[in-house]
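J.: So here's target.cif (mmCIF, C-alpha atoms).
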```cif
data_start
loop_
_atom_site.label_atom_id
_atom_site.label_comp_id
_atom_site.auth_asym_id
_atom_site.auth_seq_id
_atom_site.Cartn_x
_atom_site.Cartn_y
_atom_site.Cartn_z
CA MET D 16 -4.28 134.46 280.43
CA ASN D 17 -1.22 136.43 279.31
CA ARG D 18 -3.37 138.30 276.79
CA PHE D 19 -5.83 139.17 279.56
CA PHE D 20 -3.10 140.68 281.74
CA ALA D 21 -1.64 142.45 278.71
CA ARG D 22 -4.99 144.15 278.13
CA ILE D 23 -5.10 145.22 281.77
CA GLN D 24 -1.66 146.75 281.54
CA ILE D 25 -2.55 148.54 278.29
CA TRP D 26 -5.56 150.36 279.75
CA LYS D 27 -3.51 151.37 282.77
CA LEU D 28 -0.78 152.68 280.47
CA ILE D 29 -3.41 154.65 278.54
CA ALA D 30 -4.70 156.12 281.80
CA ILE D 31 -1.19 157.21 282.84
CA VAL D 32 -0.48 158.78 279.44
CA LEU D 33 -3.79 160.66 279.41
CA VAL D 34 -3.36 161.97 282.97
CA ILE D 35 0.17 163.19 282.20
CA PHE D 36 -1.06 164.75 278.95
CA THR D 37 -3.90 166.49 280.80
CA LEU D 38 -1.59 167.89 283.46
CA CYS D 39 1.05 169.10 281.03
CA ALA D 40 -1.28 170.41 278.33
CA GLY D 41 -3.71 171.88 280.85
CA LEU D 42 -1.00 173.90 282.55
CA LEU D 43 1.26 174.77 279.61
CA PHE D 44 -0.73 174.96 276.35
CA ASP D 45 -2.29 178.21 275.15
CA VAL D 46 -5.88 178.96 276.13
CA PRO D 47 -8.37 181.56 274.84
CA ARG D 48 -8.05 184.96 276.51
CA LYS D 49 -11.53 185.52 277.92
CA PRO D 50 -12.65 188.43 280.11
CA ILE D 51 -12.82 187.62 283.84
CA LEU D 52 -11.80 183.98 283.28
CA ASN D 53 -8.31 184.72 281.94
CA GLU D 54 -5.88 181.90 282.85
CA SER D 55 -8.38 180.37 285.29
CA ILE D 56 -10.13 178.83 282.29
CA ARG D 57 -7.49 176.09 282.55
CA ASN D 58 -9.51 174.71 285.44
CA LEU D 59 -11.93 173.45 282.80
CA TYR D 60 -9.50 170.53 282.34
CA PHE D 61 -9.67 169.59 286.01
CA HIS D 62 -12.88 170.76 287.70
CA VAL D 63 -15.36 169.71 285.01
CA PRO D 64 -13.79 166.34 284.06
CA MET D 65 -13.66 165.37 287.74
CA TRP D 66 -17.39 165.97 287.99
CA PHE D 67 -17.97 163.99 284.77
CA GLY D 68 -15.94 161.14 286.22
CA MET D 69 -17.81 161.40 289.51
CA VAL D 70 -21.20 161.04 287.82
CA ILE D 71 -20.05 158.04 285.77
CA ILE D 72 -18.57 156.38 288.86
CA MET D 73 -21.66 157.08 290.99
CA ALA D 74 -23.85 155.61 288.25
CA THR D 75 -21.65 152.50 288.25
CA SER D 76 -21.98 152.32 292.04
CA ALA D 77 -25.78 152.41 291.81
CA PHE D 78 -25.71 149.78 289.05
CA TYR D 79 -23.72 147.34 291.18
CA ALA D 80 -25.94 148.08 294.16
CA ILE D 81 -28.85 146.88 292.05
CA LYS D 82 -26.84 143.83 290.99
CA PHE D 83 -26.20 142.94 294.63
CA LEU D 84 -29.88 143.24 295.54
CA GLN D 85 -30.70 140.95 292.61
CA LYS D 86 -27.95 138.33 293.08
CA ASN D 87 -27.12 138.69 296.79
CA ASP D 88 -23.42 138.31 295.89
CA ILE D 89 -21.29 140.29 298.34
CA LYS D 90 -18.68 140.96 295.64
CA TYR D 91 -21.15 143.25 293.86
CA ASP D 92 -21.48 145.23 297.07
CA PHE D 93 -17.69 145.50 297.37
CA TYR D 94 -17.50 147.05 293.92
CA SER D 95 -20.48 149.31 294.54
CA GLU D 96 -19.02 150.59 297.81
CA SER D 97 -15.60 151.12 296.22
CA CYS D 98 -17.20 153.17 293.45
CA ALA D 99 -19.13 155.28 295.95
CA ARG D 100 -15.99 156.09 297.94
CA VAL D 101 -13.95 157.05 294.88
CA GLY D 102 -16.90 158.98 293.46
CA LEU D 103 -17.14 160.88 296.73
CA LEU D 104 -13.40 161.64 296.52
CA PHE D 105 -13.87 163.02 293.01
CA GLY D 106 -16.83 165.05 294.23
CA VAL D 107 -14.78 166.63 297.00
CA LEU D 108 -11.92 167.38 294.57
CA GLY D 109 -14.42 168.85 292.11
CA LEU D 110 -15.90 171.04 294.84
CA ILE D 111 -12.47 172.26 295.94
CA THR D 112 -11.33 173.07 292.39
CA GLY D 113 -14.67 174.80 291.84
CA MET D 114 -14.16 176.94 294.94
CA LEU D 115 -10.69 177.95 293.74
CA TRP D 116 -12.13 178.86 290.35
CA ALA D 117 -14.92 180.84 291.99
CA LYS D 118 -12.39 182.84 294.02
CA TYR D 119 -10.68 184.15 290.89
CA THR D 120 -13.81 184.68 288.78
CA TRP D 121 -16.61 185.52 291.23
CA GLY D 122 -14.46 187.04 293.98
CA ALA D 123 -15.18 184.52 296.75
CA TYR D 124 -14.61 180.83 297.43
CA TRP D 125 -18.29 180.39 298.29
CA SER D 126 -20.94 182.74 296.95
CA GLY D 127 -24.06 180.75 297.77
CA ASP D 128 -24.56 179.92 294.10
CA PRO D 129 -27.34 177.31 293.71
CA LYS D 130 -25.05 174.81 292.01
CA GLN D 131 -22.46 175.17 294.76
CA ASN D 132 -25.12 174.60 297.40
CA VAL D 133 -26.72 171.55 295.78
CA SER D 134 -23.29 170.06 295.01
CA ALA D 135 -22.38 170.32 298.69
CA ILE D 136 -25.70 168.69 299.61
CA GLY D 137 -25.04 165.87 297.15
CA ILE D 138 -21.62 165.23 298.66
CA LEU D 139 -23.14 165.16 302.15
CA ILE D 140 -25.70 162.60 300.96
CA TYR D 141 -22.90 160.25 299.90
CA ALA D 142 -20.88 161.02 303.01
CA ALA D 143 -23.93 159.86 304.99
CA TYR D 144 -23.84 156.63 302.94
CA ILE D 145 -20.31 155.94 304.19
CA VAL D 146 -21.33 156.71 307.78
CA LEU D 147 -24.42 154.50 307.49
CA ARG D 148 -22.38 151.54 306.28
CA GLY D 149 -19.90 152.02 309.10
CA SER D 150 -22.67 151.74 311.67
CA ILE D 151 -23.73 148.21 310.59
CA ASN D 152 -21.60 145.20 311.54
CA ASP D 153 -23.20 142.35 309.59
CA ASP D 154 -21.78 142.23 306.05
CA TYR D 155 -24.97 141.28 304.23
CA GLN D 156 -27.22 143.58 306.23
CA ARG D 157 -24.77 146.41 305.60
CA ALA D 158 -24.76 145.57 301.89
CA ARG D 159 -28.57 145.49 301.66
CA VAL D 160 -29.16 148.71 303.57
CA GLY D 161 -26.27 150.41 301.81
CA GLY D 162 -27.46 149.22 298.41
CA ILE D 163 -30.96 150.60 298.91
CA TYR D 164 -29.58 153.90 300.21
CA ASN D 165 -27.12 154.07 297.30
CA ILE D 166 -29.87 153.71 294.70
CA LEU D 167 -32.03 156.34 296.40
CA ALA D 168 -29.00 158.65 296.79
CA PHE D 169 -28.15 158.47 293.09
CA SER D 170 -31.80 158.98 292.14
CA ALA D 171 -31.80 162.20 294.18
CA PHE D 172 -28.26 163.26 293.24
CA ILE D 173 -28.80 163.55 289.48
CA PRO D 174 -31.79 165.94 289.55
CA LEU D 175 -30.15 167.76 292.44
CA ILE D 176 -27.05 168.78 290.49
CA PHE D 177 -28.40 168.83 286.92
CA VAL D 178 -32.03 169.96 287.16
CA LEU D 179 -32.56 172.19 290.19
CA PRO D 180 -29.75 174.71 289.37
CA ARG D 181 -31.31 175.26 285.94
CA LEU D 182 -34.59 176.35 287.51
CA THR D 183 -33.12 179.46 289.13
CA ASP D 184 -30.47 182.11 288.52
CA SER D 185 -26.93 180.79 288.71
CA LEU D 186 -23.44 182.08 288.03
CA HIS D 187 -22.44 178.75 286.52
CA PRO D 188 -22.22 178.50 282.72
CA GLY D 189 -25.15 176.60 281.25
CA ASN D 190 -27.40 177.34 284.23
CA GLY D 191 -29.96 180.05 284.98
CA GLY D 192 -29.93 181.35 281.43
CA ASN D 193 -26.12 181.64 281.22
CA PRO D 194 -24.57 180.24 278.02
CA GLY D 195 -22.53 177.08 278.41
CA PHE D 196 -18.83 176.74 277.78
CA ASN D 197 -19.43 175.04 274.45
CA ILE D 198 -20.99 178.27 273.16
CA TYR D 199 -18.60 181.00 274.16
CA ASP D 200 -15.43 179.60 275.70
CA VAL D 201 -14.29 176.25 274.41
CA ASP D 202 -12.57 176.33 271.03
CA ASN D 203 -11.04 173.40 269.15
CA ARG D 204 -7.73 173.77 271.00
CA MET D 205 -9.44 173.27 274.34
CA ARG D 206 -11.59 170.39 273.13
CA LEU D 207 -8.43 168.48 272.19
CA ILE D 208 -7.48 168.57 275.87
CA PHE D 209 -10.89 168.60 277.55
CA TYR D 210 -12.21 165.29 276.15
CA PRO D 211 -9.00 163.34 276.90
CA ALA D 212 -9.12 164.91 280.39
CA VAL D 213 -12.60 163.46 280.97
CA ILE D 214 -11.35 160.03 279.90
CA ALA D 215 -8.15 160.42 281.94
CA TRP D 216 -9.78 161.27 285.28
CA THR D 217 -12.51 158.66 284.78
CA MET D 218 -9.99 155.90 283.99
CA LEU D 219 -7.87 156.94 286.97
CA GLY D 220 -10.96 156.69 289.16
CA PHE D 221 -11.73 153.15 287.98
CA TRP D 222 -8.11 152.16 288.49
CA ILE D 223 -8.37 153.24 292.14
CA ILE D 224 -11.71 151.43 292.41
CA ASN D 225 -10.21 148.19 291.09
CA LEU D 226 -7.34 148.41 293.57
CA ARG D 227 -9.73 148.86 296.49
CA TYR D 228 -12.02 146.11 295.21
CA ARG D 229 -9.14 143.65 294.89
CA HIS D 230 -8.04 144.50 298.43
CA GLN D 231 -11.55 143.75 299.71
CA ILE D 232 -11.63 140.43 297.85
CA LEU D 233 -8.26 139.42 299.30
CA GLN D 234 -9.47 140.39 302.78
CA LEU D 235 -12.60 138.28 302.29
CA GLU D 236 -10.52 135.28 301.24
CA LEU D 237 -8.22 135.71 304.25
CA ASP D 238 -11.22 135.87 306.59
CA GLU D 239 -12.61 132.65 305.06
CA LEU D 240 -9.27 130.90 305.52
CA GLU D 241 -9.13 131.99 309.17
CA ASP D 242 -12.67 130.69 309.73
CA ASP D 243 -11.65 127.32 308.29
#
```
What's the C-alpha cells form of this structure?

T.:
Amino acid sequence: MNRFFARIQIWKLIAIVLVIFTLCAGLLFDVPRKPILNESIRNLYFHVPMWFGMVIIMATSAFYAIKFLQKNDIKYDFYSESCARVGLLFGVLGLITGMLWAKYTWGAYWSGDPKQNVSAIGILIYAAYIVLRGSINDDYQRARVGGIYNILAFSAFIPLIFVLPRLTDSLHPGNGGNPGFNIYDVDNRMRLIFYPAVIAWTMLGFWIINLRYRHQILQLELDELEDD
C-alpha cells in the first residue's frame, strides 16, 4: 500500500516539475527569431500542448463513456464526465491563448480562420454536453444519455478540428498548404521544451481529473450512508 501511494506522489511530483520547467523555460529561454512570430513563438509551449492535452483527455472521456455503457458502473461515468469538464477547460484555455497569438501575428484576436471557427464549434459541442447532463436528474439516465452524446461528440470533434481545416485555406501552420512548425520553426532547442510541455499540461489535466473524480466518489459514499 505504501508503495502504491509512493508511486502516486512520484507522478504528481513529476507533473509539478514539468509544469514549472515549462513556465520558466518557455518564458526565459532563447527562441528562434522568426519573421512575424518573433517572441510570440513562445506560445508554442502553451497553446499547442494544451490542445494536445485536450484531445488526449477527451479521448479518455469517450473511452470511459463506452466503459459505462458496457458495464453500467456509475464510477466510469464519473471519470468520463470529469475528463470532459477538464478537457473543455483546456479547450477554452487553448482557444484564448490562440486568440492572443493571433492578435500579435495575424493582427486580430479573431480573423474567421477555419481552424478558429471549428475549434469554437467543438468547444460549444462539449459545452452542450455539460448543459445536457445538468438537465437530467436521474444519475443513471444522465450517465447513459451523456455517455452516448459524449461518444458522438468525440467522433465529430476529431474530424472537425483535424480534417476540415486541411480542406480549405487556413492561416494555421500545417493547414491549407501552410508548412507545419516542425518544418520551419521548431529547432532542437524548442523541442526540448515543447515535448515536456505536452506531458506537463496533460499530467496536470489528469491530476485535476483525479481530484474531481475522488470528490464525486466521496459524495456518492456520503449519499449512500445518508440513505442507510

J.: Need to verify the contact set: region 148-162 of chain D, 10 Å, all atoms listed in the file, exclusion of same-chain residues closer than 6 positions in sequence. Can you return it as an MDAnalysis selection string?

T.: chainID D and resid 76:84 87:93 95:96 168

J.: Using Å and a single decimal, report how far CA of Gln131 (chain D) sits from CA of Leu110 (chain D).

T.: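 It comes out at 7.8 Å.
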
J.: What separation in Å, quoted to one decimal, exists between CA of Tyr144 (chain D) and CA of Glu236 (chain D)?

T.: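 CA of Glu236 (chain D) lies 25.2 Å from CA of Tyr144 (chain D).
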
J.: Suppose you want the space between CA of Ala117 (chain D) and CA of Ala30 (chain D); what is it in Å?

T.: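 Taking CA of Ala117 (chain D) as the start and CA of Ala30 (chain D) as the end point, the length is 28.6 Å.
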
J.: Listed atoms of region 142-148 of chain D, axis-aligned box, 5 Å per side: centre and edge lengths to one decimal in Å, as AutoDock Vina command-line options?

T.:
```
--center_x -22.4 --center_y 156.3 --center_z 305.4 --size_x 14.1 --size_y 19.5 --size_z 14.8
```

J.: Excluding Val133 (chain D) and its own-chain neighbours fewer than 3 positions away, which residues fall within 9 Å of it when counting only C-alpha atoms? Please give them as a list in words.

T.: Asp128, Pro129, Lys130, Ile136, Gly137, Ile138, Phe172, Leu175, Ile176, Leu179 and Pro180 of chain D

J.: Evaluate the PyMOL selection byres ((chain D and resi 115) around 12) here and jot the selected residues down as a short mmCIF file (atom, residue, chain, number, x, y, z; two decimals) with C-alpha atoms, in the coordinates of the input.

T.:
```cif
data_model
loop_
_atom_site.label_atom_id
_atom_site.label_comp_id
_atom_site.auth_asym_id
_atom_site.auth_seq_id
_atom_site.Cartn_x
_atom_site.Cartn_y
_atom_site.Cartn_z
CA SER D 55 -8.38 180.37 285.29
CA ILE D 56 -10.13 178.83 282.29
CA ARG D 57 -7.49 176.09 282.55
CA ASN D 58 -9.51 174.71 285.44
CA LEU D 59 -11.93 173.45 282.80
CA PHE D 61 -9.67 169.59 286.01
CA HIS D 62 -12.88 170.76 287.70
CA LEU D 108 -11.92 167.38 294.57
CA GLY D 109 -14.42 168.85 292.11
CA LEU D 110 -15.90 171.04 294.84
CA ILE D 111 -12.47 172.26 295.94
CA THR D 112 -11.33 173.07 292.39
CA GLY D 113 -14.67 174.80 291.84
CA MET D 114 -14.16 176.94 294.94
CA TRP D 116 -12.13 178.86 290.35
CA ALA D 117 -14.92 180.84 291.99
CA LYS D 118 -12.39 182.84 294.02
CA TYR D 119 -10.68 184.15 290.89
CA THR D 120 -13.81 184.68 288.78
CA TRP D 121 -16.61 185.52 291.23
CA GLY D 122 -14.46 187.04 293.98
CA ALA D 123 -15.18 184.52 296.75
CA TYR D 124 -14.61 180.83 297.43
CA TRP D 125 -18.29 180.39 298.29
CA SER D 126 -20.94 182.74 296.95
#
```

J.: Can you list what the PyMOL selection byres ((chain D and resi 101) around 8) grabs from this structure, as a list in words?

T.: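 Output of the PyMOL selection byres ((chain D and resi 101) around 8): Met69, Ile72, Ser97, Cys98, Ala99, Arg100, Gly102, Leu103, Leu104, Phe105, Gly220, Ile223 and Ile224 of chain D.
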
J.: Between D:Phe44, D:Phe177, D:Trp222, D:Trp66, which residue has the minimum interatomic distance to Ile29 (chain D), considering only C-alpha atoms?

T.: D:Trp222

J.: Considering all atoms listed in the file, state which residue in the set D:Gly127, D:Gly106, D:Met205, D:Met218 is at the smallest distance from Ile140 (chain D).

T.: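 Once distances to Ile140 (chain D) are computed over all atoms listed in the file, the minimum belongs to D:Gly106.
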
J.: Which of these, D:Ala143, D:Val107, D:Val32, D:Val178, has the shortest distance to Tyr164 (chain D) once you count all atoms listed in the file?

T.: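 Selected residue with least distance to Tyr164 (chain D): D:Ala143.
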
J.: May I ask which of the residues D:Asp238, D:Tyr60, D:Gly68, D:Glu54 is the closest one to Thr217 (chain D), counting all atoms listed in the file?

T.: D:Gly68

J.: Could you write region 209-223 of chain D as a PDB file, in the frame of the given file, with N, CA and C atoms rebuilt where they are missing?

T.:
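Heads up, here's the output in selection.pdb:
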```
ATOM      1  N   PHE D 209      -9.762 168.830 276.636  1.00  0.00           N
ATOM      2  CA  PHE D 209     -10.890 168.600 277.550  1.00  0.00           C
ATOM      3  C   PHE D 209     -11.398 167.157 277.474  1.00  0.00           C
ATOM      4  N   TYR D 210     -11.648 166.634 276.274  1.00  0.00           N
ATOM      5  CA  TYR D 210     -12.210 165.290 276.150  1.00  0.00           C
ATOM      6  C   TYR D 210     -11.232 164.208 276.639  1.00  0.00           C
ATOM      7  N   PRO D 211      -9.939 164.291 276.285  1.00  0.00           N
ATOM      8  CA  PRO D 211      -9.000 163.340 276.900  1.00  0.00           C
ATOM      9  C   PRO D 211      -8.938 163.479 278.427  1.00  0.00           C
ATOM     10  N   ALA D 212      -9.139 164.714 278.930  1.00  0.00           N
ATOM     11  CA  ALA D 212      -9.120 164.910 280.390  1.00  0.00           C
ATOM     12  C   ALA D 212     -10.276 164.165 281.048  1.00  0.00           C
ATOM     13  N   VAL D 213     -11.448 164.197 280.428  1.00  0.00           N
ATOM     14  CA  VAL D 213     -12.600 163.460 280.970  1.00  0.00           C
ATOM     15  C   VAL D 213     -12.280 161.969 281.033  1.00  0.00           C
ATOM     16  N   ILE D 214     -11.714 161.451 279.940  1.00  0.00           N
ATOM     17  CA  ILE D 214     -11.350 160.030 279.900  1.00  0.00           C
ATOM     18  C   ILE D 214     -10.268 159.730 280.930  1.00  0.00           C
ATOM     19  N   ALA D 215      -9.277 160.638 281.035  1.00  0.00           N
ATOM     20  CA  ALA D 215      -8.150 160.420 281.940  1.00  0.00           C
ATOM     21  C   ALA D 215      -8.600 160.305 283.388  1.00  0.00           C
ATOM     22  N   TRP D 216      -9.364 161.284 283.879  1.00  0.00           N
ATOM     23  CA  TRP D 216      -9.780 161.270 285.280  1.00  0.00           C
ATOM     24  C   TRP D 216     -10.731 160.111 285.560  1.00  0.00           C
ATOM     25  N   THR D 217     -11.586 159.779 284.586  1.00  0.00           N
ATOM     26  CA  THR D 217     -12.510 158.660 284.780  1.00  0.00           C
ATOM     27  C   THR D 217     -11.755 157.338 284.869  1.00  0.00           C
ATOM     28  N   MET D 218     -10.794 157.136 283.959  1.00  0.00           N
ATOM     29  CA  MET D 218      -9.990 155.900 283.990  1.00  0.00           C
ATOM     30  C   MET D 218      -9.173 155.813 285.270  1.00  0.00           C
ATOM     31  N   LEU D 219      -8.619 156.943 285.716  1.00  0.00           N
ATOM     32  CA  LEU D 219      -7.870 156.940 286.970  1.00  0.00           C
ATOM     33  C   LEU D 219      -8.774 156.541 288.133  1.00  0.00           C
ATOM     34  N   GLY D 220     -10.002 157.038 288.118  1.00  0.00           N
ATOM     35  CA  GLY D 220     -10.960 156.690 289.160  1.00  0.00           C
ATOM     36  C   GLY D 220     -11.244 155.198 289.192  1.00  0.00           C
ATOM     37  N   PHE D 221     -11.452 154.583 288.018  1.00  0.00           N
ATOM     38  CA  PHE D 221     -11.730 153.150 287.980  1.00  0.00           C
ATOM     39  C   PHE D 221     -10.505 152.317 288.325  1.00  0.00           C
ATOM     40  N   TRP D 222      -9.330 152.839 288.067  1.00  0.00           N
ATOM     41  CA  TRP D 222      -8.110 152.160 288.490  1.00  0.00           C
ATOM     42  C   TRP D 222      -8.053 152.091 290.016  1.00  0.00           C
ATOM     43  N   ILE D 223      -8.341 153.210 290.668  1.00  0.00           N
ATOM     44  CA  ILE D 223      -8.370 153.240 292.140  1.00  0.00           C
ATOM     45  C   ILE D 223      -9.451 152.302 292.669  1.00  0.00           C
TER      46      ILE D 223
END
```
